[in-house]
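S.K.: Take a look at this one; I'll ask things after.
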Amino acid sequence: MSDTPSERKRGSGAKMVYDLLRDEILDLKLAPGSPIDEVQLAERFGMSRTPIREALVRLSGEGLIETLPNRSTMVAAIDFLNLSPLFDALVLMYRVTTRLAAQNHRAEDLPILHGLHADYAASVAARDTSAMIATNAAFHAAIAEAGRNPYFTGLFSRLLDESRRMLHLYYRSYEEQFPQRFVDEHAEIIAAIEARDLDAADRLGKAHAEAIVVQVQALFSRNDRLDIQL
């Protein structure tokens with residue numbers, strides 16, 4: 001039995017709300033602790049509360065919002081105490097996907113990597129935090145695609161997405177000096193992939209990921225705090 005037009009419209013509305021709110025949460029446009037009000041969201045999106053609730057249920061299932069005992073809803077805090085499993089998974093995926101790209105890439109993959117590398121370099125030069133995070137994720141997702149293992153590609157894309165809030169805080173800590181070293185490391189990774197040097201790709205992927213992890217850990221262990229509600 002096929003869905004009715006109203007059910008399809010409600011489903012597409014719920015997806016639109018979910019996609020927009022998810023991006024706003026992951027990009028810190030909705031800060032941790034921000035209240036989520038169904039009535040205000042229904043007015044904002046010009047739809048009933050039913051698709052709003054469906055979107056919020058999905059976001060809650062992903063741990064991005066939480067409902068308090070008094071039944072109010074808020075954007076979930078970033079769990080800084082349990083970042084180690086995420087870091088471990090990210091480092092492993094950086095290594096595996098970069099190594100596989102060196103082994104399995106095709107000629108048509110290389111212009112894509114060079115183009116995304118140029119996009120990332122431009123975002124660093126422009127000091128555009130959101131663009132840096134987006135182009136970095138696109139660059140590493142393209143490396144994963146070049147490795148030709150869809151399971152790793154899917155997992156790595158999800159991990160990169162889940163780390164967006166943390167990376168926004170990380171890049172905000174840079175003030176005037178943005179990480180040019182990561183631009184240089186991306187170039188070295190591309191060179192290793194082009195040369196089909198599996199060991200170099202593995203080593204560079206590991207070093208690249210671990211450098212980010214070390215700096216993020218250092219940021220969150222500082223005594224001073226970023227001006228944002230966590």
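So you can find residues: chains in the structure tokens are A, B, ... in the order shown, residues in each start at 1, and ligands are numbered from 1 in order.
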For A:Pro85, find every residue with an atom within 12 Å (counting only C-alpha atoms), except residues of its own chain fewer than 5 positions away, and show them as an NGL selection string.
M.R.: :A and (79-80 or 90-92 or 159 or 163 or 213)
S.K.: Go ahead and write the selection's residues with C-alpha atoms as a tab-separated table (two decimals), in the first residue's frame.
M.R.:
chain	number	residue	atom	x	y	z
A	79	ASP	CA	30.65	14.69	25.98
A	80	PHE	CA	34.27	15.74	26.42
A	90	LEU	CA	39.07	8.50	13.64
A	91	VAL	CA	42.79	7.68	13.72
A	92	LEU	CA	42.10	4.13	12.54
A	159	LEU	CA	32.74	9.85	12.16
A	163	SER	CA	33.20	15.37	15.07
A	213	VAL	CA	43.82	14.62	18.23
S.K.: Find the spatial neighbours of A:Ala211, counting only C-alpha atoms, within a cut-off of 12 Å - ignore same-chain residues fewer than 6 positions away - and output them as a list in words.
M.R.: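 Contacts, in chain order: Phe87, Leu90, Val91, Tyr94, Pro179, Arg181, Phe182, Glu185, Leu204, Gly205, Gln217 and Ala218 of chain A.
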S.K.: Any idea what the distance is between atom CA of A:Glu43 and atom CA of A:Ala77?
M.R.: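 The value is 25.4 Å.
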S.K.: Report as a PyMOL selection string: the residues of chain A with a DSSP assignment of strand (DSSP E), based on the backbone of this structure.
M.R.: chain A and resi 35-36+65-67+73-75
S.K.: Step one, run DSSP on the backbone; step two, keep only residues of stretch 59-217 of chain A assigned to helix (DSSP H, G or I); then write them as a ChimeraX atom specification.
M.R.: /A:59-61,80-82,84-104,109-125,129-146,150-162,164-172,180-194,198-217
S.K.: Do a neighbour search on A:Leu28 at 10 Å with only C-alpha atoms, toss out local chain neighbours closer than 6 positions, and write the hits as a list in words.
M.R.: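 Returned residues: Arg22, Val75, Ser130, Arg164, Arg165, Met166, His168, Leu169 and Ile228 of chain A.
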S.K.: So which residues touch stretch 195-199 of chain A within 10 Å, counting only C-alpha atoms, skipping near sequence neighbours fewer than 6 positions away, as a list in words?
M.R.: Arg95, Val96, Thr98, Arg99, Leu100, Ala101, Ala102, Gln103, Asn104, His105, Ile189 and Gly205 of chain A
S.K.: Got time to write the residues from that selection, all heavy atoms, as a tab-separated table (two decimals), in the first residue's frame?
M.R.:
chain	number	residue	atom	x	y	z
A	95	ARG	N	43.96	6.13	8.80
A	95	ARG	CA	45.01	5.22	8.33
A	95	ARG	C	44.50	4.26	7.26
A	95	ARG	O	45.09	4.12	6.18
A	95	ARG	CB	45.55	4.39	9.51
A	95	ARG	CG	46.33	5.17	10.54
A	95	ARG	CD	46.85	4.24	11.61
A	95	ARG	NE	47.75	3.23	11.05
A	95	ARG	CZ	48.25	2.21	11.74
A	95	ARG	NH1	47.92	2.05	13.01
A	95	ARG	NH2	49.07	1.35	11.16
A	96	VAL	N	43.39	3.59	7.58
A	96	VAL	CA	42.87	2.56	6.68
A	96	VAL	C	42.47	3.14	5.33
A	96	VAL	O	42.81	2.60	4.27
A	96	VAL	CB	41.68	1.83	7.34
A	96	VAL	CG1	40.96	0.94	6.33
A	96	VAL	CG2	42.14	1.01	8.53
A	98	THR	N	43.35	5.99	3.88
A	98	THR	CA	44.47	6.55	3.11
A	98	THR	C	45.30	5.43	2.50
A	98	THR	O	45.72	5.51	1.34
A	98	THR	CB	45.35	7.44	4.01
A	98	THR	OG1	44.53	8.42	4.65
A	98	THR	CG2	46.41	8.15	3.20
A	99	ARG	N	45.52	4.38	3.26
A	99	ARG	CA	46.26	3.22	2.74
A	99	ARG	C	45.54	2.57	1.57
A	99	ARG	O	46.14	2.25	0.54
A	99	ARG	CB	46.50	2.21	3.86
A	99	ARG	CG	47.39	1.03	3.44
A	99	ARG	CD	47.56	0.03	4.58
A	99	ARG	NE	48.52	-0.99	4.19
A	99	ARG	CZ	49.82	-0.93	4.43
A	99	ARG	NH1	50.35	0.11	5.04
A	99	ARG	NH2	50.63	-1.92	4.04
A	100	LEU	N	44.23	2.37	1.73
A	100	LEU	CA	43.46	1.75	0.66
A	100	LEU	C	43.41	2.62	-0.59
A	100	LEU	O	43.40	2.11	-1.71
A	100	LEU	CB	42.05	1.42	1.13
A	100	LEU	CG	41.89	0.21	2.05
A	100	LEU	CD1	40.44	0.07	2.49
A	100	LEU	CD2	42.38	-1.06	1.36
A	101	ALA	N	43.38	3.94	-0.39
A	101	ALA	CA	43.39	4.84	-1.55
A	101	ALA	C	44.69	4.70	-2.32
A	101	ALA	O	44.69	4.73	-3.56
A	101	ALA	CB	43.18	6.28	-1.11
A	102	ALA	N	45.80	4.55	-1.62
A	102	ALA	CA	47.08	4.34	-2.28
A	102	ALA	C	47.08	3.03	-3.07
A	102	ALA	O	47.68	2.93	-4.15
A	102	ALA	CB	48.22	4.34	-1.26
A	103	GLN	N	46.37	2.07	-2.57
A	103	GLN	CA	46.33	0.75	-3.21
A	103	GLN	C	45.33	0.68	-4.36
A	103	GLN	O	45.62	0.09	-5.42
A	103	GLN	CB	45.98	-0.31	-2.17
A	103	GLN	CG	45.82	-1.72	-2.72
A	103	GLN	CD	45.52	-2.72	-1.61
A	103	GLN	OE1	46.35	-2.94	-0.73
A	103	GLN	NE2	44.33	-3.32	-1.65
A	104	ASN	N	44.17	1.29	-4.18
A	104	ASN	CA	43.05	1.02	-5.09
A	104	ASN	C	42.58	2.21	-5.93
A	104	ASN	O	41.63	2.07	-6.70
A	104	ASN	CB	41.84	0.52	-4.28
A	104	ASN	CG	42.13	-0.78	-3.56
A	104	ASN	OD1	42.88	-1.62	-4.04
A	104	ASN	ND2	41.53	-0.94	-2.38
A	105	HIS	N	43.22	3.37	-5.81
A	105	HIS	CA	42.70	4.54	-6.51
A	105	HIS	C	42.79	4.35	-8.03
A	105	HIS	O	43.62	3.60	-8.53
A	105	HIS	CB	43.45	5.81	-6.09
A	105	HIS	CG	44.82	5.94	-6.67
A	105	HIS	ND1	45.95	5.49	-6.03
A	105	HIS	CD2	45.25	6.49	-7.83
A	105	HIS	CE1	47.01	5.74	-6.77
A	105	HIS	NE2	46.62	6.35	-7.87
A	189	ILE	N	49.92	13.64	1.61
A	189	ILE	CA	49.05	12.46	1.52
A	189	ILE	C	48.69	12.18	0.07
A	189	ILE	O	48.74	11.01	-0.39
A	189	ILE	CB	47.78	12.69	2.37
A	189	ILE	CG1	48.13	12.58	3.87
A	189	ILE	CG2	46.69	11.68	2.00
A	189	ILE	CD1	47.00	13.00	4.79
A	205	GLY	N	48.70	9.24	7.08
A	205	GLY	CA	47.33	9.29	7.57
A	205	GLY	C	47.29	9.22	9.10
A	205	GLY	O	46.54	9.96	9.75
S.K.: Record the distance separating atom CA of A:Arg148 and atom CA of A:Asp184, expressed in Å with one decimal.
M.R.: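 According to the coordinates, atom CA of A:Arg148 and atom CA of A:Asp184 are separated by 24.8 Å.
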